[in-house]
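Student: Below is input-v3.txt; it holds compact mmCIF, C-alpha atoms.
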# COMPACT_ATOMS: atom_id res chain seq x y z
CA MET X 252 13.24 0.97 34.36
CA GLU X 253 15.47 -1.47 32.50
CA ARG X 254 14.35 -2.78 29.14
CA SER X 255 14.91 -6.41 28.13
CA VAL X 256 14.97 -7.64 24.55
CA LEU X 257 15.06 -11.22 23.28
CA VAL X 258 17.07 -11.51 20.07
CA ALA X 259 16.59 -14.67 17.98
CA VAL X 260 19.78 -15.27 16.00
CA ASP X 261 21.31 -17.93 13.80
CA ASN X 262 24.37 -18.22 11.59
CA THR X 263 22.96 -16.27 8.65
CA PRO X 264 23.48 -12.79 7.18
CA TYR X 265 19.98 -11.85 8.39
CA SER X 266 21.09 -12.14 12.02
CA THR X 267 24.19 -10.04 11.33
CA LYS X 268 21.94 -7.26 10.08
CA VAL X 269 19.84 -7.55 13.26
CA LEU X 270 22.97 -7.04 15.38
CA HIS X 271 23.97 -3.96 13.38
CA TYR X 272 20.46 -2.54 13.80
CA LEU X 273 20.52 -3.02 17.58
CA CYS X 274 23.91 -1.32 17.82
CA SER X 275 22.67 1.66 15.83
CA LEU X 276 19.76 2.10 18.26
CA PHE X 277 21.19 1.19 21.65
CA ALA X 278 24.95 1.78 21.67
CA GLY X 279 25.91 3.66 24.83
CA GLN X 280 22.53 3.14 26.55
CA PRO X 281 23.02 1.22 29.81
CA GLU X 282 19.42 0.52 30.86
CA LEU X 283 19.03 -2.36 28.44
CA THR X 284 19.69 -6.09 28.35
CA LEU X 285 19.90 -8.16 25.17
CA HIS X 286 19.41 -11.90 25.45
CA LEU X 287 20.68 -13.71 22.35
CA LEU X 288 18.95 -17.03 21.72
CA THR X 289 19.72 -19.71 19.15
CA VAL X 290 17.46 -22.74 18.86
CA VAL X 291 18.82 -25.99 17.42
CA ALA X 292 16.19 -28.41 16.14
CA CYS X 293 16.59 -31.86 17.68
CA SER X 294 16.92 -35.09 15.73
CA SER X 295 14.05 -37.54 15.87
CA SER X 296 15.68 -39.52 18.71
CA ALA X 297 15.14 -36.53 21.01
CA ALA X 298 11.50 -36.02 20.11
CA GLY X 299 9.10 -36.60 22.96
CA HIS X 300 11.71 -35.84 25.64
CA ASP X 301 10.19 -32.53 26.70
CA TRP X 302 10.47 -33.57 30.35
CA LEU X 303 14.28 -33.63 30.11
CA ASP X 304 16.30 -30.55 30.99
CA GLN X 305 18.75 -29.15 28.44
CA GLN X 306 21.78 -31.01 29.82
CA GLU X 307 19.96 -34.34 29.83
CA LEU X 308 18.54 -33.66 26.39
CA GLN X 309 22.01 -33.17 24.94
CA SER X 310 22.90 -36.76 25.85
CA THR X 311 20.07 -38.08 23.64
CA ILE X 312 20.91 -36.29 20.41
CA HIS X 313 22.80 -37.61 17.40
CA ARG X 314 26.33 -36.52 16.58
CA PRO X 315 25.33 -34.14 13.71
CA THR X 316 23.01 -32.31 16.12
CA GLN X 317 25.77 -32.13 18.73
CA GLU X 318 28.04 -30.56 16.12
CA ARG X 319 25.38 -28.00 15.21
CA LEU X 320 24.94 -27.23 18.89
CA GLN X 321 28.65 -26.55 19.37
CA ALA X 322 28.78 -24.46 16.20
CA SER X 323 25.81 -22.42 17.44
CA LYS X 324 27.57 -21.73 20.74
CA ARG X 325 30.63 -20.44 18.88
CA HIS X 326 28.43 -18.29 16.66
CA LEU X 327 26.66 -16.79 19.69
CA GLU X 328 29.98 -15.85 21.26
CA ALA X 329 30.92 -14.12 18.00
CA ALA X 330 27.53 -12.36 17.94
CA ARG X 331 28.09 -11.03 21.44
CA GLU X 332 31.49 -9.70 20.37
CA LYS X 333 29.87 -7.90 17.43
CA LEU X 334 27.47 -6.16 19.80
CA VAL X 335 30.29 -5.19 22.15
CA SER X 336 32.39 -3.84 19.29
CA GLY X 337 29.30 -1.87 18.21
CA GLY X 338 29.03 -0.04 21.52
CA ILE X 339 26.94 -2.37 23.71
CA ASN X 340 28.50 -3.18 27.08
CA ALA X 341 29.39 -6.86 27.53
CA GLU X 342 27.45 -6.95 30.82
CA GLN X 343 24.28 -6.09 28.91
CA VAL X 344 24.43 -9.17 26.67
CA THR X 345 23.59 -12.75 27.63
CA ILE X 346 23.57 -15.78 25.34
CA ASP X 347 21.76 -19.12 25.28
CA VAL X 348 21.56 -22.10 22.94
CA ARG X 349 18.55 -24.35 23.30
CA LEU X 350 17.57 -27.68 21.84
CA SER X 351 13.98 -28.19 20.82
CA GLY X 352 11.96 -30.93 19.22
CA ALA X 353 8.86 -28.72 19.12
CA GLY X 354 10.14 -26.40 16.40
CA ILE X 355 12.31 -23.30 16.32
CA ALA X 356 9.49 -20.73 16.27
CA ALA X 357 7.65 -22.48 19.12
CA GLU X 358 10.78 -22.53 21.31
CA ILE X 359 11.54 -18.86 20.63
CA LEU X 360 7.99 -17.84 21.58
CA SER X 361 8.11 -20.05 24.67
CA GLU X 362 11.25 -18.27 25.87
CA ALA X 363 9.76 -14.86 24.99
CA HIS X 364 6.72 -15.49 27.17
CA ARG X 365 8.68 -17.18 29.95
CA GLY X 366 11.21 -14.35 30.19
CA MET X 367 8.60 -11.56 29.96
CA TYR X 368 10.70 -9.58 27.50
CA ASP X 369 9.74 -6.12 26.30
CA ALA X 370 10.37 -7.07 22.66
CA LEU X 371 11.35 -9.99 20.46
CA VAL X 372 13.72 -9.25 17.57
CA THR X 373 14.39 -11.46 14.58
CA GLY X 374 15.61 -11.16 11.03
CA LYS X 375 13.05 -11.17 8.25
CA LYS X 376 13.89 -13.16 5.15
CA ASP X 377 12.13 -11.83 2.08
CA LEU X 378 10.53 -14.93 0.59
CA GLY X 379 9.09 -15.26 -2.87
CA LEU X 380 5.42 -16.12 -3.34
CA VAL X 381 6.09 -19.82 -3.96
CA GLU X 382 8.36 -20.06 -0.89
CA LYS X 383 5.69 -18.45 1.28
CA MET X 384 3.09 -20.92 0.07
CA VAL X 385 5.29 -23.99 0.54
CA ILE X 386 7.47 -23.38 3.60
CA GLY X 387 6.58 -20.01 5.09
CA SER X 388 9.23 -18.59 7.45
CA ILE X 389 10.20 -18.69 11.11
CA SER X 390 9.59 -14.94 11.49
CA GLY X 391 6.20 -15.32 9.81
CA SER X 392 5.26 -18.15 12.14
CA ILE X 393 6.30 -16.11 15.18
CA LEU X 394 4.22 -13.17 13.98
CA ARG X 395 1.11 -15.30 13.39
CA LYS X 396 1.27 -17.09 16.75
CA ASN X 397 2.09 -14.12 18.99
CA ARG X 398 -0.27 -11.32 20.04
CA ILE X 399 1.36 -10.33 23.31
CA ILE X 400 5.02 -9.39 22.92
CA PRO X 401 6.00 -6.65 20.43
CA ILE X 402 7.94 -8.16 17.52
CA TRP X 403 10.68 -6.34 15.62
CA LEU X 404 11.37 -7.73 12.15
CA VAL X 405 14.63 -6.52 10.59
CA SER X 406 14.99 -6.87 6.84
CA GLY X 407 18.27 -5.84 5.22
CA ASP X 408 20.68 -3.09 6.25
CA VAL X 409 18.93 -0.47 8.38
CA ALA X 410 21.09 2.55 9.18
CA SER X 411 18.55 5.37 9.62
CA CYS X 412 17.26 6.25 13.10
CA ARG X 413 14.12 7.86 11.68
CA PHE X 414 10.86 6.20 12.75
CA LEU X 415 7.57 6.34 10.86
CA VAL X 416 4.51 5.68 13.03
CA PRO X 417 1.10 5.41 11.33
CA VAL X 418 -1.54 6.68 13.78
CA ASP X 419 -5.32 6.64 13.94
CA CYS X 420 -8.10 6.86 16.51
CA SER X 421 -7.62 3.39 17.98
CA PRO X 422 -6.23 1.82 21.17
CA HIS X 423 -3.69 -0.27 19.23
CA THR X 424 -2.12 2.95 17.91
CA LEU X 425 -1.62 4.22 21.46
CA ASP X 426 -0.17 0.85 22.48
CA ALA X 427 2.36 1.02 19.63
CA VAL X 428 3.44 4.57 20.54
CA ASP X 429 3.62 3.63 24.22
CA HIS X 430 5.99 0.77 23.36
CA LEU X 431 8.06 3.07 21.15
CA ALA X 432 8.28 5.73 23.87
CA PHE X 433 9.43 3.17 26.42
CA MET X 434 12.13 1.73 24.17
CA LEU X 435 13.43 5.08 22.86
CA ARG X 436 12.98 7.31 25.88
CA ASP X 437 16.73 8.06 26.22
CA ASN X 438 17.79 7.59 22.61
CA PRO X 439 19.88 10.59 21.51
CA ARG X 440 19.52 10.00 17.77
CA ALA X 441 15.98 8.86 16.99
CA GLU X 442 13.46 11.04 15.16
CA ILE X 443 9.77 10.16 15.05
CA THR X 444 7.21 11.07 12.41
CA LEU X 445 3.55 10.48 13.32
CA PHE X 446 1.73 9.78 10.07
CA HIS X 447 -2.03 9.96 9.65
CA SER X 448 -3.81 9.01 6.45
CA ALA X 449 -7.34 10.13 5.61
CA SER X 450 -7.21 8.34 2.26
CA LEU X 451 -10.26 6.85 0.59
CA LEU X 452 -9.84 3.30 1.90
CA ALA X 453 -8.55 4.18 5.35
CA ALA X 454 -11.96 3.33 6.83
CA GLU X 455 -11.03 4.98 10.12
CA GLU X 456 -13.41 4.57 13.01
CA ILE X 457 -13.05 6.29 16.37
CA ALA X 458 -13.00 3.56 19.01
CA PRO X 459 -15.44 3.91 21.91
CA ARG X 460 -14.00 5.80 24.85
CA GLU X 461 -14.31 2.81 27.19
CA PHE X 462 -11.72 0.94 25.09
CA PHE X 463 -9.09 3.40 26.32
CA LEU X 464 -10.09 3.77 29.97
CA GLU X 465 -8.62 0.59 31.48
CA LYS X 466 -5.06 1.39 30.42
CA TRP X 467 -5.02 5.19 30.31
CA GLY X 468 -7.51 6.20 32.98
CA GLU X 469 -10.44 8.58 32.91
CA GLU X 470 -8.53 11.78 33.70
CA TRP X 471 -5.91 11.15 31.02
CA CYS X 472 -8.57 10.32 28.43
CA ASP X 473 -10.58 13.43 29.30
CA ARG X 474 -7.51 15.60 28.72
CA HIS X 475 -5.92 14.00 25.67
CA LEU X 476 -8.59 12.18 23.65
CA GLN X 477 -10.77 15.21 22.92
CA GLY X 478 -8.90 16.53 19.89
CA ASP X 479 -7.72 20.01 19.00
CA ALA X 480 -9.34 22.58 16.71
CA THR X 481 -8.66 20.34 13.71
CA GLY X 482 -10.01 17.22 15.42
CA HIS X 483 -6.60 15.51 15.38
CA PHE X 484 -6.66 13.62 18.66
CA HIS X 485 -4.57 10.89 17.02
CA PHE X 486 -1.70 13.40 17.11
CA LEU X 487 -2.41 14.92 20.52
CA ALA X 488 -2.69 11.64 22.41
CA THR X 489 0.35 10.02 20.80
CA GLU X 490 2.45 13.16 21.32
CA GLN X 491 1.43 13.22 24.98
CA ILE X 492 2.63 9.64 25.44
CA LEU X 493 6.02 10.56 24.00
CA ARG X 494 6.16 13.74 26.09
CA GLU X 495 5.42 11.87 29.31
CA ALA X 496 8.19 9.38 28.49
CA GLY X 497 10.66 12.24 28.23
CA PHE X 498 11.26 11.99 24.50
CA PRO X 499 12.40 15.37 23.07
CA MET X 500 9.42 16.85 21.25
CA GLU X 501 11.64 18.78 18.82
CA ARG X 502 12.39 15.37 17.29
CA VAL X 503 8.70 14.50 16.86
CA HIS X 504 6.96 15.53 13.62
CA ARG X 505 3.45 15.35 12.19
CA LEU X 506 2.55 14.23 8.68
CA ASP X 507 -1.11 14.32 7.66
CA THR X 508 -2.41 13.56 4.20
CA SER X 509 -5.62 12.81 2.34
CA ARG X 510 -3.83 11.91 -0.88
CA GLY X 511 -3.72 8.39 -2.22
CA ILE X 512 -6.21 5.56 -2.09
CA GLU X 513 -4.98 3.14 0.55
CA PRO X 514 -2.91 3.66 3.74
CA ALA X 515 -0.57 0.67 3.31
CA GLN X 516 0.39 1.88 -0.15
CA GLN X 517 1.09 5.36 1.23
CA ILE X 518 3.29 3.94 4.00
CA VAL X 519 5.30 1.83 1.56
CA GLN X 520 5.79 4.78 -0.77
CA LEU X 521 6.85 7.03 2.12
CA VAL X 522 9.54 4.72 3.43
CA ARG X 523 10.84 4.13 -0.10
CA ARG X 524 10.98 7.85 -0.84
CA GLU X 525 12.19 9.16 2.52
CA ASP X 526 15.02 8.04 4.78
CA TYR X 527 12.98 6.09 7.32
CA GLY X 528 14.64 3.08 8.91
CA THR X 529 11.82 1.72 11.06
CA ILE X 530 8.03 1.51 10.82
CA VAL X 531 6.11 1.08 14.08
CA MET X 532 2.57 -0.26 13.75
CA GLY X 533 -0.21 -1.30 16.09
CA ARG X 534 -2.04 -4.44 15.03
CA ARG X 535 -5.75 -4.96 15.46
CA GLY X 536 -7.02 -8.02 17.29
CA GLN X 537 -7.83 -11.27 15.54
CA GLU X 538 -11.50 -10.71 16.24
CA VAL X 539 -11.55 -7.74 13.84
CA ASP X 540 -12.64 -8.53 10.29
CA LYS X 541 -9.86 -7.21 8.04
CA GLY X 542 -11.43 -8.20 4.76
CA ILE X 543 -9.88 -9.98 1.80
CA PHE X 544 -6.87 -7.63 1.69
CA GLN X 545 -5.87 -8.41 5.33
CA GLY X 546 -4.71 -5.66 7.65
CA VAL X 547 -2.55 -2.63 6.88
CA SER X 548 0.40 -4.14 8.80
CA ASP X 549 0.15 -7.36 6.75
CA ARG X 550 0.29 -5.44 3.47
CA VAL X 551 3.19 -3.26 4.63
CA LEU X 552 5.17 -6.33 5.74
CA ALA X 553 4.67 -7.93 2.34
CA ASN X 554 5.95 -4.91 0.41
CA VAL X 555 8.77 -3.34 2.42
CA LYS X 556 12.42 -4.38 2.24
CA ASP X 557 15.61 -3.12 3.89
CA LYS X 558 13.67 -1.70 6.82
CA ALA X 559 12.77 -2.71 10.36
CA ILE X 560 9.11 -3.11 11.24
CA TRP X 561 7.83 -3.17 14.82
CA ILE X 562 4.46 -4.90 15.22
CA VAL X 563 2.67 -4.27 18.52
CA GLY X 564 -0.45 -6.23 19.42
Would you give me this structure, written as structure tokens?
Tutor:
Amino acid sequence: MERSVLVAVDNTPYSTKVLHYLCSLFAGQPELTLHLLTVVACSSSAAGHDWLDQQELQSTIHRPTQERLQASKRHLEAAREKLVSGGINAEQVTIDVRLSGAGIAAEILSEAHRGMYDALVTGKKDLGLVEKMVIGSISGSILRKNRIIPIWLVSGDVASCRFLVPVDCSPHTLDAVDHLAFMLRDNPRAEITLFHSASLLAAEEIAPREFFLEKWGEEWCDRHLQGDATGHFHFLATEQILREAGFPMERVHRLDTSRGIEPAQQIVQLVRREDYGTIVMGRRGQEVDKGIFQGVSDRVLANVKDKAIWIVG
């Protein structure tokens, strides 16, 4: 089954790092398409023309916007060449420049949902506290408004193909590992560490069995959600998902700890100390009360640099 990835790019160093990251993961893997998208914000004269198609919309924009549009097209061509030079076949890469008066983040998400992509990738700019309060970021807006498509946020230069996957006894953990298994099923370089924290503030609760049944089925749940002699079903179930996807189990490792106070802090310390390039995390639904400290994924995002973070859910 072919995988399709939407890549939001612009003419900044952050997008260049995204391209390098994708090459490091997917060079030489044919069952993949990358759709590069750049969104150019329209001038005020184009606002309210949502009923126009892209060609008609271009005739309404001011000259400075037309110049940005042409520059974006040239940049996308250069981005495609970077992917090709990094080992991605030219036939696997498509490009598109779109005008939007609704906002860049809104247009990116609209295309992500319309195209039914398996993942949305964007660069993550590390903003200071004041910047976050005043302007936020496009990647942050995308993350807040999307709960359907997995989002990959790439911050800095990511060279390592080692993946750290925090796991617990929840459906969103299985969803995250399922996405990871699908995207990496034929990757010859990736290594995966499944990390479970029993720290003081982990507050882990085993989700009711019926939460798993709709997606995984009764027989699968009976076999793989029971736990082993140590009670570690969070390892057994996630390993089974990887095994069924054909991922080599000799490149899958367990890491279990009860040290530390808070899981997000442990994750941040791990990726700083070890050579992990990507963190893959399931995100709980908005209906879950995460308290004043927000969720684990929120705290990890705020404190990790020069890594890629996949958020699923």
Student: I need the residue nearest X:His271 from this list: X:Val555, X:Leu320, X:Leu288, X:Ile339. Use all atoms listed in the file for the distance.
Tutor: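 With all atoms listed in the file as the atom set, the closest residue is X:Ile339.
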Student: Would you list the contacts of X:Val563 as a list in words, taking every protein, DNA or RNA residue within 6 Å and counting all atoms listed in the file, but skipping same-chain residues closer than 5 positions in sequence?
Tutor: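 Contacts, with the query itself left out: Pro401, Ala427, Gly533 and Arg534 of chain X.
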Student: What lies within 10 Å of X:Arg331 using all atoms listed in the file, ignoring chain neighbours under 6 positions off, as an NGL selection string?
Tutor: :X and (270 or 285-287 or 337 or 339-341 or 343-346)
Student: Export, as a short mmCIF file (atom, residue, chain, number, x, y, z; two decimals), keeping the file's coordinate frame, the selected residues with C-alpha atoms.
Tutor:
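Result went into result18.cif, see below:
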data_model
loop_
_atom_site.label_atom_id
_atom_site.label_comp_id
_atom_site.auth_asym_id
_atom_site.auth_seq_id
_atom_site.Cartn_x
_atom_site.Cartn_y
_atom_site.Cartn_z
CA LEU X 270 22.97 -7.04 15.38
CA LEU X 285 19.90 -8.16 25.17
CA HIS X 286 19.41 -11.90 25.45
CA LEU X 287 20.68 -13.71 22.35
CA GLY X 337 29.30 -1.87 18.21
CA ILE X 339 26.94 -2.37 23.71
CA ASN X 340 28.50 -3.18 27.08
CA ALA X 341 29.39 -6.86 27.53
CA GLN X 343 24.28 -6.09 28.91
CA VAL X 344 24.43 -9.17 26.67
CA THR X 345 23.59 -12.75 27.63
CA ILE X 346 23.57 -15.78 25.34
#
Student: Draw an axis-aligned box over all listed atoms of stretch 341-354 of chain X, pad each side with 4 Å, and write its centre and edge lengths in Å, one decimal, as JSON.
Tutor:
{"center_x": 19.1, "center_y": -18.5, "center_z": 23.6, "size_x": 28.5, "size_y": 32.8, "size_z": 22.4}
Student: Do you know which residues are at most 8 Å from X:Asn438 counting all atoms listed in the file, after dropping those on the same chain fewer than 6 positions away, and could you put them as an MDAnalysis selection string?
Tutor: chainID X and resid 276:277 280
Student: Using all atoms listed in the file, which of X:Ala370, X:Leu360, X:Val335, X:Cys420 sits nearest X:Arg395?
Tutor: X:Leu360
Student: Which residue gives the smallest distance to X:Thr529 among X:Ala410, X:Leu506, X:Leu334, X:Ala259, with all atoms listed in the file counted?
Tutor: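 Under the stated criterion, the closest residue is X:Ala410.
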Student: If you count only C-alpha atoms, which residues fall within 10 Å of X:Val405, apart from same-chain ones fewer than 6 positions away, as a PyMOL selection string?
Tutor: chain X and resi 265-266+268-270+272-273+372-376+390+528-529+556-561
Student: Quote the spacing between atom CA of X:Arg319 and atom CA of X:Ser351 in Å to one decimal place.
Tutor: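 Atom CA of X:Arg319 sits 12.7 Å away from atom CA of X:Ser351.
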Student: Name all residues at most 10 Å from X:His326 (count only C-alpha atoms; drop same-chain ones fewer than 5 positions away) and give them as a PyMOL selection string.
Tutor: chain X and resi 260-263+289+320-321+331-332
Student: Compare X:Ile389, X:Ala458, X:Ala488, X:Cys412 by their minimum atom-to-atom distance to X:Trp471, counting only C-alpha atoms, and give me the closest one.
Tutor: X:Ala488
